Amino acid sequence: MVNTLASFWGKPQKAKSSDKKAEAAPKPTDDKISEEEPIAAEKVLQPVKESAKKEVSKAVKRKAAEDDSDEEFEFGEEEAGNRGGGKRRVLEESEDEEKEEEEEMKVEEEKRVEKGKSKIQLMKEKREKMKEEKKDVEMKDVEKEEEEEEEEEGKKLASVFTSKNVSSSSTTKTSGGVVKKSTTLAGKMTKDENLLSEEDMKKDWKPEAPILYQHVCEAFEHIDGISARLEIQQTMTTLFRKIIRTNPSDLINTVYLACNDVAPSYECVELGVGDSFLIKAVTETAGSNSNTIKAKYKELGDLGTVAMSAKSKQKTLGFGMKPKPLLLKDVLQSFRKVAAISGNKSQAVKVQEIKKILVRASGQECKFIIRGLQGKLRIGLARSSVIVALAHAFVLSVPKGVKPMEKWVEGGNYSDNEKFLMDLKNPLGERLEAAVNIVKKGFSECSNFDSIIDTALVHPLCDLSQHCHLTPGTPVEPMLAKPTKSVQEVLKRLNGQRFTCEYKYDGERVQVHLTEDGKVKCFSRNLLNTSDKFPEVPPFVREACESSGVTSFVLDAEVVAYNAVKDILVPFQVLSTRKREMAEGEEAEVKVIVQAFDLMFLNGQSLMAKSLSERRELMKKNFKVVQNKFRFAVSLDAQEDGDTTAIEEFLDAAIKGQCEGLMVKTLDANSQYEPSKRSLNWLKLKKDYLEGMGDSVDLVPLGAYYGKGKRTGFYGAYLLGCYNEEADEYQSVCKCGTGFSDDALQSLMKGLEEAVSESKPSGYVVSDTLEPDVWFSPSQVWEVKAADLSLSSTHKGALGKAGNPERGIGLRFPRFERLRPDKKCEQATNAEQILDMYYNQDSVKGQGGDNDDDDDDLL
DNA sequence: GTCTATTACTGGC
DNA sequence: ATCCGACACATTCGG
DNA sequence: CCGAATGTGTCGGATGCCAGTAATAGAC
């Protein structure tokens with residue numbers, strides 16, 4: 001039963017995927033548990049590999065050392081002083097705290113129940129996990145009753161999981177209804193205290209010593225097994241706090257690893273590693289054979305897990321000296337090294353480098369290393385959650401070098417958030433929220449964790465914005481928009497406010513910066529530096545603003561391919577053929593025009609807090625249209641009055657004008673520039689979002705690919721084709737991997753069981769590079785929606801009829817809509833129709849020639 | 001050896 | 001890009 | 001008045017097409 005305490009993170013020991021035994025045991029009923037439970041526990045424990053055992057012994061040790069530890073330990077702030085065990089630790093506590101705790105327990109319980117319910121659906125893997133987890137909790141229940149000591153232990157180490165027990169006893173009922181909003185948050189955070197005792201630190205975290213990668217992996221592992229966001233976040237907070245207390249210099253490394261980043265995005269560092277290299281590395285490390293690894297990958301859907309199992313297998317065989325444990329920074333450095341490798345033989349060298357860390361890694365570590373290199377940590381946590389956790393950590397465990405907040409209170413002009421955070425009288429939960437807002441803002445404006453953390457380790461959070469704020473030269477996270485399904489919906493959202501509609505251009509987002517020292521830079525939507533890709537943009541923009549004599553700015557715009565002769569915009573597909581980097585003085589073949597629509601910074605001043613109408617006014621005042629080079633997004637201002645016709649007409653006009661649709665934004669209320677927030681204030685409206693609009697086609701599934709990650713055990717994507725009557729054949733038109741519900745995924749797979757074919761059926765026109773994992777003989781018709789049709793080198797729709805014998809037609813943004821049981825395969829959309837749809841697109845019609853192969857010689 | 005075709009990877013949508 | 005599902009939180013509903 | 005049901009916003013992670021680029025494998 002120790003196993004339930006095994007993990008430091010308080011996670012019930014999760015049986016490894018290879019271990020089906022535990023899951024097989026049905027959940028015992030209440031009265032039986034006490035008898036069966038120990039057995040079940042053994043079952044679970046038995047197959048667990050070394051690493052887990054280590055955890056167990058650690059836990060035991062900790063338990064021994066636990067006794068009197070944590071009362072004295074004070075974290076950053078006093079209001080956090082909640083107690084852990086309930087009865088054992090007698091600490092004076094205010095009523096509030098009590099309430100908070102009770103409240104939180106309730107929530108916890110609900111969550112648990114909910115979880116059990118919802119997960120029953122698909123996702124075999126997950127389901128199994130859940131069962132195990134639930135059972136473990138159950139077991140814990142019993143332990144509690146049987147063994148007082150264990151109960152205490154459990155609470156301390158795993159308060160999250162034990163709360164259920166407590167609430168089931170009695171405390172819950174008494175909780176007064178007074179508790180509101182943020183109390184849950186605060187409650188969680190106070191509980192979090194329990195996880196952090198000085199003893200824990202001493203045992204596992206030698207002060208000053210570099211942090212082990214393993215520690216981070218334990219947190220990852222814990223997070224991986226749960227889906228409750230608050231708990232995930234809290235786990236990270238705890239991790240960060242520990243690091244702040246023991247070795248703050250490793251904090252930055254942890255953050256990078258947790259975000260799966262290697263450098264600030266605008267530094268454009270690429271790992272240059274994909275599945276195939278990783279497979280190679282895993283194969284060689286494990287001394288296995290690449291086909292078995294590949295097969296395993298298909299089966300398990302996660303290369304990390306494959307690596308882990310391969311590694312542990314190999315470990316039992318080959319034996320040697322124990323390699324040095326991996327440090328946090330080793331891993332990060334290794335990643336960076338991999339990224340830096342280039343040139344001749346670089347592939348082999350990369351693999352070599354990866355192998356080097358894999359050899360030193362334990363199974364669990366392997367898993368996360370591999371996933372990390374894949375660029376998918378897949379842990380249910382991403383950057384935005386890391387930021388939240390980080391903010392919490394900084395409040396709850398103020399770094400040593402930072403003087404407590406109250407010392408700063410007077411003077412200075414602080415934002416509301418900052419003031420709120422500084423006032424210790426405010427409820428902790430809300431102060432944490434304020435801190436999150438501060439850090440979020442800091443990161444979105446400065447997008448560099450090094451700066452954020454360096455600052456936060458020295459200055460109090462309320463001063464963060466003084467050091468990390470919008471600066472020309474450093475990209476801001478661009479504001480994004482929310483898709484809208486109908487004009488009605490748009491109106492509903494606007495709700496009587498003044499708003500504007502702008503054309504949504506089919507180009508590439510660009511953020512143009514002018515720094516005080518006169519340099520102009522461009523950044524992409526994902527903050528990569530695209531200055532070299534669009535060398536003409538800086539001069540264009542300069543020209544647009546030269547008369548106004550601005551000294552600095554940050555401008556939001558879209559770069560669009562442009563045909564100056566005909567004065568028409570050219571589709572994205574053409575824009576994307578531009579070279580990534582241009583030699584000095586070289587002229588790009590595809591001409592471009594800048595369509596500006598927002599201004600975030602001007603002459604040393606941030607405009608983000610201003611309303612859109614003000615920003616736009618400033619933009620129009622300081623920039624002017626330059627023929628064929630720079631202009632503003634076409635827009636239409638209006639007041640919401642229930643009338644849809646104006647918008648509809650404008651939408652039509654936009655599409656006629658080679659645009660994708662409209663962006664709709666409020667002008668006054670709530671119209672600040674909010675980085676990266678998918679704020680409701682920006683809505684996007686495209687014709688293919690609208691019901692009954694857009695290009696809908698009926699296609700036949702030709703084959704399928706095994707799913708990965710959460711799609712393991714299902715087909716993750718299907719290869720779809722249209723019917724070519726002329727030759728009685730099916731031509732691939734797209735793959736489709738989105739649009740189906742989980743249920744649909746399951747039933748579609750089932751429905752196609754019969755159709756599975758040993759080999760590629762005759763009459764399928766499919767590129768070799770698209771070879772699916774399974775083929776189907778023609779059996780069903782699906783309705784699929786797409787935004788556009790484009791010429792494709794991989795897909796074969798209406799092959800040879802679209803102006804180029806080599807190329808077929810493919811779909812842009814395909815998604816599954818529904819099954820068409822009423823149609824036979826021969827009634828699927830045929831090649832002729834696909835061709836018509838292609839030519840009926842405004843973007844194709846507009847482009848002079850009959851085919852768009854000669855697009856580029858327009859001008 | 002040099003030139004070309006193929007492949008893998010990244011990042012735009 | 002699109003889309004779905006899960007969670008957290010807010011609001012409404014029913015007893 | 002409270003708990004349940006319902007709605008909304010956010011986040012995370014599945015997956016799409018297609019272009020250029022760099023490195024390698026293959027052809028001569």
# chains A, B, ... in the order shown; residues from 1 in each chain; ligands from 1
$ interface_residues --of "chain B" --to "chain A" --cutoff "8 Å" --atoms "only C-alpha atoms (C1' of nucleotides)" --output "count of residues only"
5
$ interface_residues --of "chain C" --to "chain A" --cutoff "12 Å" --atoms "only C-alpha atoms (C1' of nucleotides)" --output "VMD selection string"
chain C and resid 1 to 10
$ write_last_selection --atoms "N, CA and C atoms (P, O5', C5', C4', C3', O3' and C1' of nucleotides)" --output "PDB file, in the first residue's frame"
ATOM      1  P    DA C   1      -4.585  32.240 -38.579  1.00  0.00           P
ATOM      2  O5'  DA C   1      -4.676  30.798 -39.229  1.00  0.00           O
ATOM      3  C5'  DA C   1      -5.694  29.926 -38.782  1.00  0.00           C
ATOM      4  C4'  DA C   1      -6.058  28.998 -39.906  1.00  0.00           C
ATOM      5  C3'  DA C   1      -7.213  28.113 -39.508  1.00  0.00           C
ATOM      6  O3'  DA C   1      -8.356  28.592 -40.180  1.00  0.00           O
ATOM      7  C1'  DA C   1      -5.316  26.785 -40.054  1.00  0.00           C
ATOM      8  P    DT C   2      -9.636  28.708 -39.347  1.00  0.00           P
ATOM      9  O5'  DT C   2     -10.019  27.169 -39.136  1.00  0.00           O
ATOM     10  C5'  DT C   2     -10.141  26.353 -40.288  1.00  0.00           C
ATOM     11  C4'  DT C   2     -10.684  25.012 -39.849  1.00  0.00           C
ATOM     12  C3'  DT C   2     -11.811  25.159 -38.822  1.00  0.00           C
ATOM     13  O3'  DT C   2     -12.856  24.285 -39.192  1.00  0.00           O
ATOM     14  C1'  DT C   2     -10.022  23.867 -37.898  1.00  0.00           C
ATOM     15  P    DC C   3     -14.248  24.401 -38.473  1.00  0.00           P
ATOM     16  O5'  DC C   3     -14.111  23.337 -37.299  1.00  0.00           O
ATOM     17  C5'  DC C   3     -13.777  22.001 -37.621  1.00  0.00           C
ATOM     18  C4'  DC C   3     -13.377  21.287 -36.373  1.00  0.00           C
ATOM     19  C3'  DC C   3     -14.372  21.482 -35.237  1.00  0.00           C
ATOM     20  O3'  DC C   3     -15.132  20.296 -35.130  1.00  0.00           O
ATOM     21  C1'  DC C   3     -12.078  21.532 -34.502  1.00  0.00           C
ATOM     22  P    DC C   4     -16.340  20.166 -34.204  1.00  0.00           P
ATOM     23  O5'  DC C   4     -15.727  19.415 -32.954  1.00  0.00           O
ATOM     24  C5'  DC C   4     -15.022  18.199 -33.165  1.00  0.00           C
ATOM     25  C4'  DC C   4     -14.328  17.823 -31.889  1.00  0.00           C
ATOM     26  C3'  DC C   4     -15.246  17.825 -30.669  1.00  0.00           C
ATOM     27  O3'  DC C   4     -15.153  16.549 -30.081  1.00  0.00           O
ATOM     28  C1'  DC C   4     -13.271  19.081 -30.240  1.00  0.00           C
ATOM     29  P    DG C   5     -16.204  16.136 -28.998  1.00  0.00           P
ATOM     30  O5'  DG C   5     -15.359  16.282 -27.647  1.00  0.00           O
ATOM     31  C5'  DG C   5     -14.163  15.547 -27.529  1.00  0.00           C
ATOM     32  C4'  DG C   5     -13.448  15.975 -26.269  1.00  0.00           C
ATOM     33  C3'  DG C   5     -14.342  16.027 -25.034  1.00  0.00           C
ATOM     34  O3'  DG C   5     -13.580  15.451 -24.000  1.00  0.00           O
ATOM     35  C1'  DG C   5     -13.288  18.116 -25.333  1.00  0.00           C
ATOM     36  P    DA C   6     -14.338  15.067 -22.662  1.00  0.00           P
ATOM     37  O5'  DA C   6     -13.582  16.033 -21.644  1.00  0.00           O
ATOM     38  C5'  DA C   6     -12.175  15.905 -21.541  1.00  0.00           C
ATOM     39  C4'  DA C   6     -11.693  17.042 -20.709  1.00  0.00           C
ATOM     40  C3'  DA C   6     -12.523  17.235 -19.433  1.00  0.00           C
ATOM     41  O3'  DA C   6     -11.640  17.217 -18.339  1.00  0.00           O
ATOM     42  C1'  DA C   6     -12.354  19.276 -20.655  1.00  0.00           C
ATOM     43  P    DC C   7     -12.207  17.338 -16.889  1.00  0.00           P
ATOM     44  O5'  DC C   7     -11.974  18.887 -16.602  1.00  0.00           O
ATOM     45  C5'  DC C   7     -10.651  19.387 -16.707  1.00  0.00           C
ATOM     46  C4'  DC C   7     -10.682  20.869 -16.508  1.00  0.00           C
ATOM     47  C3'  DC C   7     -11.371  21.313 -15.225  1.00  0.00           C
ATOM     48  O3'  DC C   7     -10.446  22.126 -14.540  1.00  0.00           O
ATOM     49  C1'  DC C   7     -12.199  22.525 -17.094  1.00  0.00           C
ATOM     50  P    DA C   8     -10.781  22.592 -13.081  1.00  0.00           P
ATOM     51  O5'  DA C   8     -11.331  24.063 -13.344  1.00  0.00           O
ATOM     52  C5'  DA C   8     -10.469  24.985 -13.997  1.00  0.00           C
ATOM     53  C4'  DA C   8     -11.142  26.320 -14.068  1.00  0.00           C
ATOM     54  C3'  DA C   8     -11.851  26.752 -12.792  1.00  0.00           C
ATOM     55  O3'  DA C   8     -11.488  28.094 -12.585  1.00  0.00           O
ATOM     56  C1'  DA C   8     -13.370  26.789 -14.606  1.00  0.00           C
ATOM     57  P    DC C   9     -11.965  28.864 -11.318  1.00  0.00           P
ATOM     58  O5'  DC C   9     -13.233  29.644 -11.867  1.00  0.00           O
ATOM     59  C5'  DC C   9     -13.040  30.542 -12.962  1.00  0.00           C
ATOM     60  C4'  DC C   9     -14.393  30.988 -13.421  1.00  0.00           C
ATOM     61  C3'  DC C   9     -15.313  31.470 -12.301  1.00  0.00           C
ATOM     62  O3'  DC C   9     -15.595  32.826 -12.572  1.00  0.00           O
ATOM     63  C1'  DC C   9     -16.451  30.076 -13.826  1.00  0.00           C
ATOM     64  P    DA C  10     -16.663  33.583 -11.692  1.00  0.00           P
ATOM     65  O5'  DA C  10     -17.940  33.609 -12.633  1.00  0.00           O
ATOM     66  C5'  DA C  10     -17.805  34.071 -13.960  1.00  0.00           C
ATOM     67  C4'  DA C  10     -19.177  34.230 -14.573  1.00  0.00           C
ATOM     68  C3'  DA C  10     -20.207  34.849 -13.629  1.00  0.00           C
ATOM     69  O3'  DA C  10     -20.985  35.761 -14.379  1.00  0.00           O
ATOM     70  C1'  DA C  10     -20.918  32.672 -14.273  1.00  0.00           C
TER      71       DA C  10
END
$ interface_residues --of "chain A" --to "chain D" --cutoff "8 Å" --atoms "only C-alpha atoms (C1' of nucleotides)" --output "PyMOL selection string"
chain A and resi 343-347+378+380-382+573+576-580+708-711+716-717+734-738+792+810-815
$ residues_around --residues "Phe597 in chain A" --least-positions-apart "5" --cutoff "9 Å" --atoms "only C-alpha atoms (C1' of nucleotides)" --output "VMD selection string"
chain A and resid 502 555 to 558 616 619 631 to 634
$ write_last_selection --atoms "all heavy atoms" --output "short mmCIF file (atom, residue, chain, number, x, y, z; two decimals), in the first residue's frame"
data_model
loop_
_atom_site.label_atom_id
_atom_site.label_comp_id
_atom_site.auth_asym_id
_atom_site.auth_seq_id
_atom_site.Cartn_x
_atom_site.Cartn_y
_atom_site.Cartn_z
N GLU A 502 -13.39 44.93 -41.04
CA GLU A 502 -12.26 45.12 -41.95
C GLU A 502 -12.14 43.89 -42.83
O GLU A 502 -12.48 42.79 -42.40
CB GLU A 502 -10.96 45.27 -41.15
CG GLU A 502 -10.87 46.53 -40.33
CD GLU A 502 -9.74 46.46 -39.30
OE1 GLU A 502 -9.08 45.39 -39.20
OE2 GLU A 502 -9.52 47.46 -38.60
N LEU A 555 3.51 48.41 -35.64
CA LEU A 555 2.34 48.44 -36.52
C LEU A 555 1.89 47.02 -36.81
O LEU A 555 2.71 46.13 -37.02
CB LEU A 555 2.74 49.14 -37.82
CG LEU A 555 1.69 49.32 -38.89
CD1 LEU A 555 0.81 50.52 -38.56
CD2 LEU A 555 2.35 49.53 -40.24
N ASP A 556 0.59 46.82 -36.81
CA ASP A 556 0.03 45.51 -37.09
C ASP A 556 -0.55 45.53 -38.50
O ASP A 556 -1.31 46.44 -38.84
CB ASP A 556 -1.08 45.21 -36.07
CG ASP A 556 -1.25 43.72 -35.84
OD1 ASP A 556 -0.59 42.93 -36.55
OD2 ASP A 556 -2.04 43.34 -34.96
N ALA A 557 -0.18 44.55 -39.29
CA ALA A 557 -0.61 44.58 -40.68
C ALA A 557 -0.59 43.19 -41.29
O ALA A 557 -0.21 42.22 -40.65
CB ALA A 557 0.30 45.51 -41.49
N GLU A 558 -1.04 43.13 -42.53
CA GLU A 558 -0.99 41.88 -43.30
C GLU A 558 -0.19 42.17 -44.56
O GLU A 558 -0.43 43.17 -45.23
CB GLU A 558 -2.43 41.46 -43.63
CG GLU A 558 -2.57 40.10 -44.25
CD GLU A 558 -2.78 38.98 -43.24
OE1 GLU A 558 -2.85 39.25 -42.03
OE2 GLU A 558 -2.87 37.82 -43.68
N ARG A 616 -6.50 53.64 -34.25
CA ARG A 616 -6.64 53.71 -35.69
C ARG A 616 -6.48 55.15 -36.18
O ARG A 616 -5.88 55.41 -37.22
CB ARG A 616 -8.01 53.17 -36.08
CG ARG A 616 -8.08 52.73 -37.52
CD ARG A 616 -9.41 52.13 -37.82
NE ARG A 616 -10.51 53.03 -37.51
CZ ARG A 616 -11.79 52.76 -37.77
NH1 ARG A 616 -12.11 51.61 -38.31
NH2 ARG A 616 -12.72 53.61 -37.46
N MET A 619 -2.95 55.90 -36.24
CA MET A 619 -2.32 55.22 -37.36
C MET A 619 -2.56 56.02 -38.65
O MET A 619 -1.63 56.27 -39.41
CB MET A 619 -2.89 53.81 -37.50
CG MET A 619 -2.44 53.06 -38.74
SD MET A 619 -3.04 51.37 -38.78
CE MET A 619 -4.74 51.61 -39.28
N ARG A 631 -1.15 50.48 -47.71
CA ARG A 631 -2.48 51.08 -47.52
C ARG A 631 -3.13 50.46 -46.31
O ARG A 631 -2.57 49.57 -45.67
CB ARG A 631 -3.32 50.92 -48.79
CG ARG A 631 -3.48 49.50 -49.24
CD ARG A 631 -4.05 49.47 -50.65
NE ARG A 631 -4.33 48.09 -51.03
CZ ARG A 631 -4.62 47.72 -52.27
NH1 ARG A 631 -4.64 48.60 -53.24
NH2 ARG A 631 -4.86 46.45 -52.54
N PHE A 632 -4.31 50.96 -46.01
CA PHE A 632 -5.00 50.49 -44.82
C PHE A 632 -6.02 49.43 -45.21
O PHE A 632 -6.54 49.42 -46.32
CB PHE A 632 -5.68 51.65 -44.11
CG PHE A 632 -4.73 52.73 -43.70
CD1 PHE A 632 -4.67 53.93 -44.38
CD2 PHE A 632 -3.85 52.52 -42.64
CE1 PHE A 632 -3.76 54.92 -44.02
CE2 PHE A 632 -2.95 53.49 -42.27
CZ PHE A 632 -2.89 54.70 -42.96
N ALA A 633 -6.29 48.58 -44.25
CA ALA A 633 -7.33 47.58 -44.49
C ALA A 633 -8.64 48.30 -44.77
O ALA A 633 -9.00 49.26 -44.09
CB ALA A 633 -7.48 46.70 -43.25
N VAL A 634 -9.31 47.83 -45.78
CA VAL A 634 -10.61 48.42 -46.10
C VAL A 634 -11.56 48.16 -44.95
O VAL A 634 -11.63 47.03 -44.44
CB VAL A 634 -11.19 47.78 -47.39
CG1 VAL A 634 -12.58 48.32 -47.65
CG2 VAL A 634 -10.26 48.03 -48.55
#
$ residues_around --residues "Gly401 in chain A" --least-positions-apart "5" --cutoff "12 Å" --atoms "only C-alpha atoms (C1' of nucleotides)" --output "PyMOL selection string"
chain A and resi 244-245+248+394+454-460
